[in-house]
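Asks: Contents of final-v3.cif (mmCIF, C-alpha atoms) are below:
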```
data_final
loop_
_atom_site.label_atom_id
_atom_site.label_comp_id
_atom_site.auth_asym_id
_atom_site.auth_seq_id
_atom_site.Cartn_x
_atom_site.Cartn_y
_atom_site.Cartn_z
CA MET A 237 -10.82 -32.47 3.06
CA SER A 238 -11.78 -29.08 1.67
CA ARG A 239 -9.83 -27.65 -1.28
CA SER A 240 -8.40 -24.95 0.93
CA LYS A 241 -7.15 -27.44 3.53
CA GLU A 242 -5.78 -29.62 0.75
CA PHE A 243 -3.72 -26.73 -0.62
CA ALA A 244 -2.72 -25.50 2.82
CA ALA A 245 -1.37 -28.96 3.62
CA LEU A 246 1.15 -28.57 0.78
CA VAL A 247 2.85 -25.59 2.35
CA PRO A 248 5.48 -26.22 5.02
CA ASP A 249 4.73 -25.08 8.55
CA GLY A 250 7.54 -22.53 8.57
CA LEU A 251 5.76 -20.49 5.91
CA LYS A 252 2.37 -20.35 7.61
CA THR A 253 0.95 -17.76 9.92
CA GLY A 254 -2.11 -18.72 11.89
CA GLY A 255 -2.43 -21.89 9.84
CA ASP A 256 -2.51 -20.09 6.50
CA PRO A 257 0.21 -20.38 3.89
CA VAL A 258 1.85 -17.11 2.97
CA PHE A 259 3.36 -15.98 -0.29
CA ALA A 260 5.85 -13.18 -0.18
CA GLU A 261 5.54 -12.38 -3.89
CA PRO A 262 3.06 -13.15 -6.68
CA TRP A 263 5.42 -15.42 -8.63
CA GLN A 264 5.49 -17.75 -5.66
CA ALA A 265 1.71 -18.10 -5.78
CA GLU A 266 1.90 -18.66 -9.55
CA ALA A 267 4.58 -21.36 -9.23
CA PHE A 268 2.52 -22.97 -6.48
CA ALA A 269 -0.65 -22.86 -8.59
CA MET A 270 1.14 -24.34 -11.61
CA THR A 271 2.43 -27.25 -9.56
CA VAL A 272 -0.99 -28.00 -8.08
CA THR A 273 -2.66 -27.72 -11.49
CA LEU A 274 -0.12 -29.95 -13.29
CA HIS A 275 -0.48 -32.54 -10.56
CA GLN A 276 -4.26 -32.45 -10.80
CA ALA A 277 -3.95 -32.86 -14.58
CA GLY A 278 -1.97 -36.05 -14.01
CA CYS A 279 1.37 -34.76 -15.31
CA PHE A 280 3.15 -36.13 -12.25
CA THR A 281 2.30 -37.82 -8.97
CA TRP A 282 2.53 -35.99 -5.71
CA SER A 283 5.25 -38.31 -4.47
CA GLU A 284 7.34 -37.51 -7.56
CA TRP A 285 6.86 -33.85 -6.72
CA ALA A 286 7.74 -34.25 -3.05
CA GLU A 287 10.86 -36.21 -3.97
CA THR A 288 12.05 -33.59 -6.47
CA LEU A 289 11.38 -30.68 -4.13
CA GLY A 290 12.96 -32.56 -1.24
CA ALA A 291 16.13 -33.10 -3.28
CA GLU A 292 16.37 -29.37 -4.06
CA ILE A 293 15.96 -28.41 -0.43
CA LYS A 294 18.36 -31.07 0.79
CA HIS A 295 20.92 -29.90 -1.73
CA ALA A 296 20.89 -26.46 -0.07
CA GLY A 297 21.41 -28.01 3.38
CA ALA A 298 21.48 -25.61 6.29
CA ASP A 299 21.68 -22.62 3.96
CA ASP A 300 17.96 -22.09 4.13
CA ALA A 301 17.06 -22.92 7.69
CA GLY A 302 14.58 -20.03 7.86
CA GLY A 303 12.80 -21.06 4.68
CA ALA A 304 13.37 -17.73 2.94
CA ARG A 305 14.47 -19.41 -0.27
CA TYR A 306 11.78 -22.05 -0.15
CA TYR A 307 10.03 -20.93 -3.33
CA ALA A 308 13.30 -20.63 -5.21
CA PHE A 309 13.72 -24.35 -4.51
CA TRP A 310 10.10 -24.87 -5.44
CA LEU A 311 10.68 -23.26 -8.84
CA ALA A 312 13.89 -25.23 -9.43
CA ALA A 313 12.03 -28.46 -8.63
CA LEU A 314 9.15 -27.49 -10.92
CA GLU A 315 11.54 -26.79 -13.81
CA LYS A 316 13.25 -30.15 -13.21
CA LEU A 317 9.98 -32.09 -13.30
CA VAL A 318 8.63 -30.18 -16.29
CA THR A 319 11.79 -30.96 -18.28
CA ALA A 320 12.02 -34.56 -17.01
CA LYS A 321 8.43 -35.16 -18.11
CA GLY A 322 9.08 -33.61 -21.50
CA LEU A 323 6.49 -30.84 -21.08
CA ALA A 324 9.09 -28.22 -22.01
CA SER A 325 12.88 -28.26 -22.43
CA ARG A 326 15.35 -26.15 -20.50
CA GLY A 327 16.09 -24.29 -23.73
CA ASP A 328 12.38 -23.53 -24.23
CA ILE A 329 12.17 -22.03 -20.75
CA ASP A 330 15.35 -19.97 -21.23
CA ASP A 331 14.10 -18.63 -24.57
CA MET A 332 10.65 -17.78 -23.24
CA ALA A 333 12.08 -16.02 -20.18
CA ALA A 334 14.28 -13.96 -22.49
CA ALA A 335 11.24 -13.12 -24.65
CA TRP A 336 9.35 -11.91 -21.56
CA ARG A 337 12.31 -9.79 -20.43
CA ASP A 338 12.39 -8.23 -23.87
CA ALA A 339 8.65 -7.56 -23.78
CA TYR A 340 9.03 -5.71 -20.46
CA LEU A 341 11.88 -3.61 -21.76
CA HIS A 342 9.87 -2.56 -24.82
CA THR A 343 6.61 -1.75 -23.05
CA PRO A 344 6.03 1.79 -21.73
CA HIS A 345 5.36 1.84 -18.00
CA GLY A 346 1.68 1.46 -17.14
CA LYS A 347 0.83 -0.39 -20.35
CA PRO A 348 0.09 -4.11 -20.10
CA VAL A 349 3.14 -6.22 -20.93
CA GLU A 350 2.34 -8.71 -23.65
CA LEU A 351 4.35 -11.21 -25.64
CA PRO A 352 4.30 -11.02 -29.42
CA ALA A 353 1.96 -13.76 -30.73
CA ALA A 354 3.50 -17.24 -30.88
CA MET B 577 22.22 5.51 -8.86
CA SER B 578 21.81 9.15 -7.87
CA HIS B 579 21.82 10.34 -4.26
CA ASP B 580 18.20 11.45 -4.47
CA ASP B 581 16.85 8.34 -6.12
CA HIS B 582 13.95 8.14 -3.65
CA ASP B 583 12.47 11.12 -5.49
CA HIS B 584 12.75 9.68 -8.94
CA ASP B 585 9.69 9.30 -11.11
CA HIS B 586 8.52 6.39 -13.17
CA ASP B 587 10.54 5.84 -16.28
CA HIS B 588 7.89 5.85 -18.98
CA ASP B 589 9.94 4.39 -21.83
CA HIS B 590 9.94 0.86 -20.55
CA THR B 591 8.75 -1.37 -17.75
CA ASP B 592 11.35 -2.79 -15.39
CA PRO B 593 11.40 -6.54 -15.88
CA PRO B 594 10.75 -8.56 -12.73
CA ALA B 595 13.49 -10.65 -11.14
CA GLU B 596 14.80 -13.72 -12.96
CA THR B 597 12.71 -16.10 -10.84
CA ALA B 598 9.49 -14.26 -11.72
CA LEU B 599 10.46 -14.23 -15.42
CA ARG B 600 11.05 -17.99 -15.39
CA VAL B 601 7.67 -18.54 -13.76
CA LYS B 602 6.03 -16.45 -16.50
CA ALA B 603 7.97 -18.41 -19.11
CA LEU B 604 6.77 -21.72 -17.69
CA GLU B 605 3.22 -20.46 -17.51
CA THR B 606 3.28 -19.31 -21.13
CA LEU B 607 4.78 -22.57 -22.41
CA LEU B 608 2.50 -24.85 -20.40
CA THR B 609 -0.60 -22.86 -21.32
CA ARG B 610 0.23 -22.72 -25.02
CA ARG B 611 0.85 -26.46 -25.01
CA GLY B 612 -2.41 -27.16 -23.22
CA TYR B 613 -1.00 -28.70 -20.02
CA VAL B 614 -2.61 -26.05 -17.84
CA SER B 615 -5.31 -23.46 -18.42
CA THR B 616 -5.24 -19.92 -17.12
CA GLU B 617 -8.68 -20.59 -15.59
CA ALA B 618 -7.33 -23.49 -13.52
CA LEU B 619 -4.32 -21.44 -12.38
CA ASP B 620 -6.56 -18.49 -11.55
CA ALA B 621 -8.81 -20.72 -9.45
CA VAL B 622 -5.88 -21.74 -7.27
CA VAL B 623 -4.44 -18.24 -7.04
CA ASP B 624 -7.86 -16.74 -6.43
CA MET B 625 -8.29 -18.78 -3.31
CA PHE B 626 -5.07 -17.40 -1.91
CA GLU B 627 -5.82 -13.89 -3.05
CA THR B 628 -9.03 -13.83 -1.08
CA LYS B 629 -8.09 -16.05 1.82
CA VAL B 630 -4.40 -15.85 2.49
CA GLY B 631 -2.62 -12.58 1.78
CA PRO B 632 -4.92 -10.10 3.56
CA ARG B 633 -4.53 -12.05 6.78
CA ASN B 634 -1.08 -10.46 7.12
CA GLY B 635 -2.52 -6.97 6.94
CA ALA B 636 -5.33 -7.94 9.31
CA ARG B 637 -2.79 -8.90 11.95
CA VAL B 638 -1.05 -5.54 11.53
CA VAL B 639 -4.35 -3.65 11.86
CA ALA B 640 -5.45 -5.69 14.89
CA LYS B 641 -2.18 -4.97 16.66
CA ALA B 642 -2.53 -1.27 15.92
CA TRP B 643 -6.05 -1.31 17.40
CA ALA B 644 -4.91 -3.16 20.51
CA ASP B 645 -1.56 -1.50 21.14
CA PRO B 646 -1.32 2.33 20.96
CA ALA B 647 2.49 2.26 20.94
CA TYR B 648 2.47 -0.04 17.92
CA LYS B 649 -0.10 2.16 16.18
CA LYS B 650 2.19 5.15 16.64
CA ARG B 651 5.12 3.22 15.13
CA LEU B 652 2.90 1.99 12.30
CA LEU B 653 1.86 5.52 11.32
CA GLU B 654 5.31 7.06 11.77
CA ARG B 655 7.57 4.32 10.42
CA PRO B 656 5.23 1.93 8.58
CA THR B 657 7.79 -0.10 6.63
CA GLU B 658 9.68 -0.92 9.82
CA ALA B 659 6.55 -1.51 11.93
CA ILE B 660 5.18 -3.95 9.36
CA ALA B 661 8.56 -5.69 9.16
CA GLU B 662 8.22 -6.47 12.88
CA PHE B 663 5.82 -9.21 11.74
CA GLY B 664 8.33 -10.44 9.20
CA PHE B 665 6.25 -9.02 6.33
CA ILE B 666 9.04 -7.58 4.25
CA ASN B 667 8.85 -6.16 0.80
CA ARG B 668 11.68 -7.70 -1.12
CA GLN B 669 11.37 -5.21 -3.95
CA GLY B 670 12.18 -2.50 -1.42
CA GLU B 671 9.17 -0.23 -1.87
CA HIS B 672 8.17 1.87 1.10
CA MET B 673 4.87 1.54 2.87
CA ARG B 674 2.64 4.32 4.06
CA VAL B 675 -0.31 3.66 6.35
CA VAL B 676 -3.22 6.12 6.19
CA GLU B 677 -5.62 6.22 9.12
CA ASN B 678 -9.39 6.43 8.84
CA THR B 679 -11.01 8.72 11.41
CA PRO B 680 -14.55 9.99 11.99
CA ARG B 681 -13.63 12.91 9.66
CA VAL B 682 -11.55 11.18 6.97
CA HIS B 683 -12.04 8.07 4.83
CA ASN B 684 -9.02 6.87 2.82
CA VAL B 685 -9.02 4.80 -0.34
CA VAL B 686 -6.06 3.38 -2.28
CA VAL B 687 -5.55 3.04 -6.02
CA CYS B 688 -2.73 2.76 -8.51
CA THR B 689 -3.80 4.87 -11.47
CA LEU B 690 -0.75 3.97 -13.54
CA CYS B 691 -0.74 0.19 -13.28
CA SER B 692 -1.53 -2.05 -10.35
CA CYS B 693 1.04 -1.27 -7.64
CA TYR B 694 -0.20 -2.98 -4.50
CA PRO B 695 1.16 -3.67 -1.01
CA TRP B 696 1.84 -7.38 -1.59
CA PRO B 697 3.39 -8.20 1.79
CA VAL B 698 0.31 -7.13 3.74
CA LEU B 699 -2.51 -7.74 1.27
CA GLY B 700 -1.34 -10.59 -0.97
CA LEU B 701 -2.38 -10.51 -4.63
CA PRO B 702 -4.54 -7.64 -5.85
CA PRO B 703 -8.18 -8.44 -6.66
CA VAL B 704 -9.17 -8.31 -10.32
CA TRP B 705 -11.16 -5.08 -9.93
CA TYR B 706 -8.13 -3.29 -8.44
CA LYS B 707 -6.28 -3.90 -11.70
CA SER B 708 -9.25 -2.85 -13.87
CA SER B 709 -8.99 0.38 -15.81
CA ALA B 710 -12.50 1.32 -14.66
CA TYR B 711 -11.55 1.36 -10.98
CA ARG B 712 -8.19 3.03 -11.63
CA ALA B 713 -9.71 5.85 -13.65
CA ARG B 714 -12.98 6.43 -11.80
CA VAL B 715 -12.02 6.27 -8.14
CA VAL B 716 -9.92 9.40 -8.57
CA ILE B 717 -12.67 11.38 -10.32
CA GLU B 718 -15.74 10.25 -8.40
CA PRO B 719 -14.61 8.33 -5.31
CA ARG B 720 -17.95 8.57 -3.48
CA ALA B 721 -19.84 7.08 -6.43
CA VAL B 722 -17.33 4.24 -6.78
CA LEU B 723 -17.42 3.53 -3.03
CA SER B 724 -21.20 3.41 -3.04
CA GLU B 725 -21.01 0.81 -5.84
CA PHE B 726 -18.93 -1.22 -3.41
CA GLY B 727 -21.79 -0.78 -0.93
CA LEU B 728 -19.91 1.75 1.17
CA LYS B 729 -21.81 4.96 1.91
CA VAL B 730 -19.45 7.64 3.15
CA PRO B 731 -21.35 10.43 4.95
CA GLU B 732 -21.17 13.87 3.26
CA ASP B 733 -19.33 15.40 6.20
CA VAL B 734 -16.52 12.84 5.95
CA GLU B 735 -13.68 13.81 3.63
CA VAL B 736 -12.62 11.14 1.11
CA ARG B 737 -8.89 11.02 0.37
CA VAL B 738 -7.63 8.99 -2.58
CA TRP B 739 -4.01 7.78 -2.45
CA ASP B 740 -2.26 6.93 -5.70
CA SER B 741 0.36 4.22 -5.29
CA THR B 742 3.64 4.30 -7.18
CA ALA B 743 6.36 1.79 -7.86
CA GLU B 744 8.20 3.19 -4.85
CA LEU B 745 5.40 3.88 -2.37
CA ARG B 746 2.54 1.57 -1.40
CA TYR B 747 -0.43 2.53 0.75
CA MET B 748 -2.51 0.59 3.22
CA VAL B 749 -5.60 1.93 5.00
CA LEU B 750 -5.85 1.58 8.78
CA PRO B 751 -9.61 1.26 9.27
CA GLU B 752 -11.37 2.49 12.40
CA ARG B 753 -11.76 -0.03 15.19
CA PRO B 754 -15.40 -1.17 15.16
CA ALA B 755 -17.58 -0.33 18.16
CA GLY B 756 -18.38 -3.07 20.64
CA THR B 757 -14.93 -4.66 20.48
CA ASP B 758 -13.66 -3.64 23.93
CA GLY B 759 -11.72 -6.40 25.58
CA MET B 760 -11.22 -8.39 22.36
CA GLY B 761 -7.78 -9.87 21.77
CA GLU B 762 -5.68 -9.31 18.65
CA GLU B 763 -6.62 -12.69 17.21
CA GLN B 764 -10.36 -11.92 17.45
CA LEU B 765 -9.86 -8.37 16.20
CA ALA B 766 -7.95 -9.62 13.14
CA ASP B 767 -11.01 -11.65 12.12
CA LEU B 768 -12.96 -8.38 11.78
CA VAL B 769 -10.49 -6.86 9.28
CA THR B 770 -11.38 -7.41 5.63
CA ARG B 771 -9.10 -6.99 2.63
CA ASP B 772 -11.32 -4.26 1.22
CA SER B 773 -11.26 -2.34 4.51
CA MET B 774 -7.48 -2.06 4.08
CA ILE B 775 -7.89 -0.80 0.50
CA GLY B 776 -10.65 1.54 1.60
CA THR B 777 -13.40 0.12 -0.60
CA GLY B 778 -15.15 -1.78 2.17
CA GLY B 779 -15.92 -1.74 5.86
CA THR B 780 -14.74 -3.94 8.69
CA ARG B 781 -16.91 -6.75 10.01
CA THR B 782 -18.92 -6.12 13.15
CA PRO B 783 -18.52 -8.50 16.08
#
```
Kindly present the structure from the file in C-alpha cells form.
Replies:
Amino acid sequence: MSRSKEFAALVPDGLKTGGDPVFAEPWQAEAFAMTVTLHQAGCFTWSEWAETLGAEIKHAGADDAGGARYYAFWLAALEKLVTAKGLASRGDIDDMAAAWRDAYLHTPHGKPVELPAA
Amino acid sequence: MSHDDHDHDHDHDHTDPPAETALRVKALETLLTRRGYVSTEALDAVVDMFETKVGPRNGARVVAKAWADPAYKKRLLERPTEAIAEFGFINRQGEHMRVVENTPRVHNVVVCTLCSCYPWPVLGLPPVWYKSSAYRARVVIEPRAVLSEFGLKVPEDVEVRVWDSTAELRYMVLPERPAGTDGMGEEQLADLVTRDSMIGTGGTRTP
C-alpha cells in the first residue's frame, strides 16, 4: 500500500471527497500528522488509537452525525493518549497552550509568532 | 463590534490568537518536539503530502464546475463565498472569498504581503514558497519576473494583476479553460486544475 493510500485509509469516508481526505483547517492536518508520526515512532499501537478515538466519538453520540466535529474528537483522543502514555501531562499542555496564546497577543501582526526559548 | 467592521484594518499591535483547538495542537506539537517524540521534519512530511495532494482538489472541483456550468460561474464571480459553500467548503474563520477570473487580456496572481493569508477551504495548506518573504515582497514589485521563475511566461500584451490577501478577504484565481477540452465532464476537467493555477503562479494541465 502506498503511503498516500495508507494515510487516506485513516480518514473516515464522511470526510472524503473523491476518495481524498479533506481538512477544513490547518490544525486538523497538524493533529492528524502528529498522530500518524507518534504511531510510526511506536508511542502507541493503531488499535489503541482507534479505541481511544472511537470512545470520544461514541461519547458524543448522535451530536456529530455529519462529522463536523470529527477533528475536535481527534484532538481530544490524541491528548488522552499522550497523557496516558506519559508523553506530556494535561498541565503541561494547558501551560504550553497559554504560552502560545500569550506569544500571539504580544506579536505585531505580520511578524512570525514565536515562543520564548524553553 | 462596530457596524462597519467589514472595513476594519489589521490591528498591528498584536496577532489574534487562533481558536483554543489550534492552540492546543500547537502546544502538543511544541511539547512533543522538544521532548524528542516527533520531529518537525516527520510532521512536515505528512502534512506536505496533504498540502500538495489533498487541499487543492477542493478548488479544482469549484473551477471545473465554473468551466462546465455558466450559471455557476456567474454565481462564483458574483457571490464567491456562497458559491463555494455550495460544495460544503466553508471557511470557519468567516473570511470572505473573492474569485478573480483570468482572461486572454488579464492574468491574476495572489499573494499575502503581510503574512500568509490563504484560502484554506479551497486550496488546503499554503506551499512553503507562498509563506516566504521573497515571494511576498517580490511578486508585488516585479510580478512578471517572479512568474517567469515559476516557468510561466505571460505575454507582454496581457495585464498582470496582483491581489493582496488580508485577514478578512481571500482570493482564488479562476484560470482559463484549456483548449481541446470540449465535451469533458467536471471530473475530467478537475484533473486539469493545478494548485498553482489557482494561485496564479502556474498554468493548468493540458488534456
Asks: Taking only residues of chain B that have an atom at most 7 Å from an atom of chain A, what is each one's shortest atom pair and its distance in Å to one decimal, using all atoms listed in the file, in chain and number order, as JSON lines?
Replies:
```
{"residue": "B:Asp587", "atom": "CA", "partner": "A:His345", "partner_atom": "CA", "distance": 6.8}
{"residue": "B:His588", "atom": "CA", "partner": "A:His345", "partner_atom": "CA", "distance": 4.8}
{"residue": "B:Asp589", "atom": "CA", "partner": "A:Pro344", "partner_atom": "CA", "distance": 4.7}
{"residue": "B:His590", "atom": "CA", "partner": "A:Pro344", "partner_atom": "CA", "distance": 4.2}
{"residue": "B:Thr591", "atom": "CA", "partner": "A:His345", "partner_atom": "CA", "distance": 4.7}
{"residue": "B:Asp592", "atom": "CA", "partner": "A:Tyr340", "partner_atom": "CA", "distance": 6.3}
{"residue": "B:Pro593", "atom": "CA", "partner": "A:Tyr340", "partner_atom": "CA", "distance": 5.2}
{"residue": "B:Ala598", "atom": "CA", "partner": "A:Trp263", "partner_atom": "CA", "distance": 5.2}
{"residue": "B:Leu599", "atom": "CA", "partner": "A:Ala333", "partner_atom": "CA", "distance": 5.3}
{"residue": "B:Arg600", "atom": "CA", "partner": "A:Ala333", "partner_atom": "CA", "distance": 5.3}
{"residue": "B:Val601", "atom": "CA", "partner": "A:Ala267", "partner_atom": "CA", "distance": 6.2}
{"residue": "B:Ala603", "atom": "CA", "partner": "A:Ala333", "partner_atom": "CA", "distance": 4.9}
{"residue": "B:Leu604", "atom": "CA", "partner": "A:Ile329", "partner_atom": "CA", "distance": 6.2}
{"residue": "B:Tyr613", "atom": "CA", "partner": "A:Leu274", "partner_atom": "CA", "distance": 6.9}
{"residue": "B:Val614", "atom": "CA", "partner": "A:Leu274", "partner_atom": "CA", "distance": 6.5}
{"residue": "B:Ala618", "atom": "CA", "partner": "A:Thr273", "partner_atom": "CA", "distance": 6.6}
{"residue": "B:Leu619", "atom": "CA", "partner": "A:Ala269", "partner_atom": "CA", "distance": 5.5}
{"residue": "B:Val622", "atom": "CA", "partner": "A:Ala269", "partner_atom": "CA", "distance": 5.5}
{"residue": "B:Val623", "atom": "CA", "partner": "A:Ala269", "partner_atom": "CA", "distance": 6.2}
{"residue": "B:Val630", "atom": "CA", "partner": "A:Asp256", "partner_atom": "CA", "distance": 6.1}
{"residue": "B:Gly631", "atom": "CA", "partner": "A:Val258", "partner_atom": "CA", "distance": 6.5}
{"residue": "B:Leu690", "atom": "CA", "partner": "A:Gly346", "partner_atom": "CA", "distance": 5.0}
{"residue": "B:Cys691", "atom": "CA", "partner": "A:Gly346", "partner_atom": "CA", "distance": 4.7}
{"residue": "B:Trp696", "atom": "CA", "partner": "A:Glu261", "partner_atom": "CA", "distance": 6.6}
{"residue": "B:Pro697", "atom": "CA", "partner": "A:Ala260", "partner_atom": "CA", "distance": 5.9}
{"residue": "B:Leu701", "atom": "CA", "partner": "A:Pro262", "partner_atom": "CA", "distance": 6.4}
```
Asks: Enclose all atoms of range 650-659 of chain B listed in the file in an axis-aligned box, grow every side by 5 Å, and hand back centre and edge lengths in Å to one decimal, as AutoDock Vina command-line options.
Replies:
```
--center_x 5.8 --center_y 2.8 --center_z 11.6 --size_x 17.8 --size_y 18.6 --size_z 20.0
```
Asks: Have a look at CA of Thr281 in chain A and CA of Lys316 in chain A and let me know their distance in Å, one decimal.
Replies: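 For CA of Thr281 in chain A relative to CA of Lys316 in chain A, the distance reads 14.0 Å.
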Asks: Restricting the calculation to only C-alpha atoms, which member of B:Gln764, B:Ser724, B:Thr782, B:Thr777 is positioned closest to Ala636 in chain B?
Replies: B:Gln764
Asks: Which one of B:Glu596, B:Asp620, B:Asp758, B:Glu735 sits closest to Val685 in chain B if you count all atoms listed in the file?
Replies: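 Of B:Glu596, B:Asp620, B:Asp758, B:Glu735, the one nearest Val685 in chain B, counting all atoms listed in the file, is B:Glu735.
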Asks: Go through B:Asn678, B:Ser773, B:Thr606, B:Ser615 one by one, measure the shortest atom-to-atom distance of each to Leu699 in chain B using only C-alpha atoms, and give the residue with the smallest value.
Replies: B:Ser773
Asks: For the atom pair CA of Asp740 in chain B and CA of Ala710 in chain B, what is the interatomic distance in Å to one decimal place?
Replies: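 About the pair CA of Asp740 in chain B and CA of Ala710 in chain B: they are 14.7 Å apart.
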Asks: Neighbours of range 742-752 of chain B within 10 Å (all atoms listed in the file; same-chain residues fewer than 5 positions away dropped), as a PDB file with C-alpha atoms, keeping the file's coordinate frame?
Replies:
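File produced: part.pdb:
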```pdb
ATOM      1  CA  HIS B 582      13.950   8.140  -3.650  1.00  0.00           C
ATOM      2  CA  ASP B 583      12.470  11.120  -5.490  1.00  0.00           C
ATOM      3  CA  HIS B 584      12.750   9.680  -8.940  1.00  0.00           C
ATOM      4  CA  ASP B 585       9.690   9.300 -11.110  1.00  0.00           C
ATOM      5  CA  HIS B 586       8.520   6.390 -13.170  1.00  0.00           C
ATOM      6  CA  GLY B 635      -2.520  -6.970   6.940  1.00  0.00           C
ATOM      7  CA  ALA B 636      -5.330  -7.940   9.310  1.00  0.00           C
ATOM      8  CA  VAL B 638      -1.050  -5.540  11.530  1.00  0.00           C
ATOM      9  CA  VAL B 639      -4.350  -3.650  11.860  1.00  0.00           C
ATOM     10  CA  ALA B 640      -5.450  -5.690  14.890  1.00  0.00           C
ATOM     11  CA  ALA B 642      -2.530  -1.270  15.920  1.00  0.00           C
ATOM     12  CA  TRP B 643      -6.050  -1.310  17.400  1.00  0.00           C
ATOM     13  CA  LYS B 649      -0.100   2.160  16.180  1.00  0.00           C
ATOM     14  CA  LEU B 652       2.900   1.990  12.300  1.00  0.00           C
ATOM     15  CA  LEU B 653       1.860   5.520  11.320  1.00  0.00           C
ATOM     16  CA  PRO B 656       5.230   1.930   8.580  1.00  0.00           C
ATOM     17  CA  THR B 657       7.790  -0.100   6.630  1.00  0.00           C
ATOM     18  CA  GLN B 669      11.370  -5.210  -3.950  1.00  0.00           C
ATOM     19  CA  GLY B 670      12.180  -2.500  -1.420  1.00  0.00           C
ATOM     20  CA  GLU B 671       9.170  -0.230  -1.870  1.00  0.00           C
ATOM     21  CA  HIS B 672       8.170   1.870   1.100  1.00  0.00           C
ATOM     22  CA  MET B 673       4.870   1.540   2.870  1.00  0.00           C
ATOM     23  CA  ARG B 674       2.640   4.320   4.060  1.00  0.00           C
ATOM     24  CA  VAL B 675      -0.310   3.660   6.350  1.00  0.00           C
ATOM     25  CA  VAL B 676      -3.220   6.120   6.190  1.00  0.00           C
ATOM     26  CA  GLU B 677      -5.620   6.220   9.120  1.00  0.00           C
ATOM     27  CA  ASN B 678      -9.390   6.430   8.840  1.00  0.00           C
ATOM     28  CA  THR B 679     -11.010   8.720  11.410  1.00  0.00           C
ATOM     29  CA  PRO B 680     -14.550   9.990  11.990  1.00  0.00           C
ATOM     30  CA  HIS B 683     -12.040   8.070   4.830  1.00  0.00           C
ATOM     31  CA  ASN B 684      -9.020   6.870   2.820  1.00  0.00           C
ATOM     32  CA  VAL B 685      -9.020   4.800  -0.340  1.00  0.00           C
ATOM     33  CA  VAL B 686      -6.060   3.380  -2.280  1.00  0.00           C
ATOM     34  CA  VAL B 687      -5.550   3.040  -6.020  1.00  0.00           C
ATOM     35  CA  CYS B 688      -2.730   2.760  -8.510  1.00  0.00           C
ATOM     36  CA  THR B 689      -3.800   4.870 -11.470  1.00  0.00           C
ATOM     37  CA  LEU B 690      -0.750   3.970 -13.540  1.00  0.00           C
ATOM     38  CA  CYS B 691      -0.740   0.190 -13.280  1.00  0.00           C
ATOM     39  CA  SER B 692      -1.530  -2.050 -10.350  1.00  0.00           C
ATOM     40  CA  CYS B 693       1.040  -1.270  -7.640  1.00  0.00           C
ATOM     41  CA  TYR B 694      -0.200  -2.980  -4.500  1.00  0.00           C
ATOM     42  CA  PRO B 695       1.160  -3.670  -1.010  1.00  0.00           C
ATOM     43  CA  TRP B 696       1.840  -7.380  -1.590  1.00  0.00           C
ATOM     44  CA  VAL B 698       0.310  -7.130   3.740  1.00  0.00           C
ATOM     45  CA  LEU B 699      -2.510  -7.740   1.270  1.00  0.00           C
ATOM     46  CA  VAL B 769     -10.490  -6.860   9.280  1.00  0.00           C
ATOM     47  CA  THR B 770     -11.380  -7.410   5.630  1.00  0.00           C
ATOM     48  CA  ARG B 771      -9.100  -6.990   2.630  1.00  0.00           C
ATOM     49  CA  ASP B 772     -11.320  -4.260   1.220  1.00  0.00           C
ATOM     50  CA  SER B 773     -11.260  -2.340   4.510  1.00  0.00           C
ATOM     51  CA  MET B 774      -7.480  -2.060   4.080  1.00  0.00           C
ATOM     52  CA  ILE B 775      -7.890  -0.800   0.500  1.00  0.00           C
ATOM     53  CA  GLY B 776     -10.650   1.540   1.600  1.00  0.00           C
ATOM     54  CA  THR B 777     -13.400   0.120  -0.600  1.00  0.00           C
ATOM     55  CA  GLY B 778     -15.150  -1.780   2.170  1.00  0.00           C
ATOM     56  CA  GLY B 779     -15.920  -1.740   5.860  1.00  0.00           C
ATOM     57  CA  THR B 780     -14.740  -3.940   8.690  1.00  0.00           C
TER      58      THR B 780
END
```
Asks: Between CA of Leu317 in chain A and CA of Glu287 in chain A, what is the distance in Å, rounded to a tenth?
Replies: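 Atom-to-atom, CA of Leu317 in chain A and CA of Glu287 in chain A are spaced 10.2 Å apart.
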Asks: Name the residues in contact with Phe663 in chain B at a cut-off of 9 Å, using all atoms listed in the file, excluding same-chain residues fewer than 2 positions from it; report them as a list of chain:residue names.
Replies: B:Asn634, B:Arg637, B:Val638, B:Ala659, B:Ile660, B:Ala661, B:Phe665, B:Ile666
Asks: With only C-alpha atoms as the atoms that count, which of A:Phe309, A:Thr319, A:Glu350, A:Ser283 lies nearest to Thr597 in chain B?
Replies: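 Closest to Thr597 in chain B, using only C-alpha atoms: A:Phe309.
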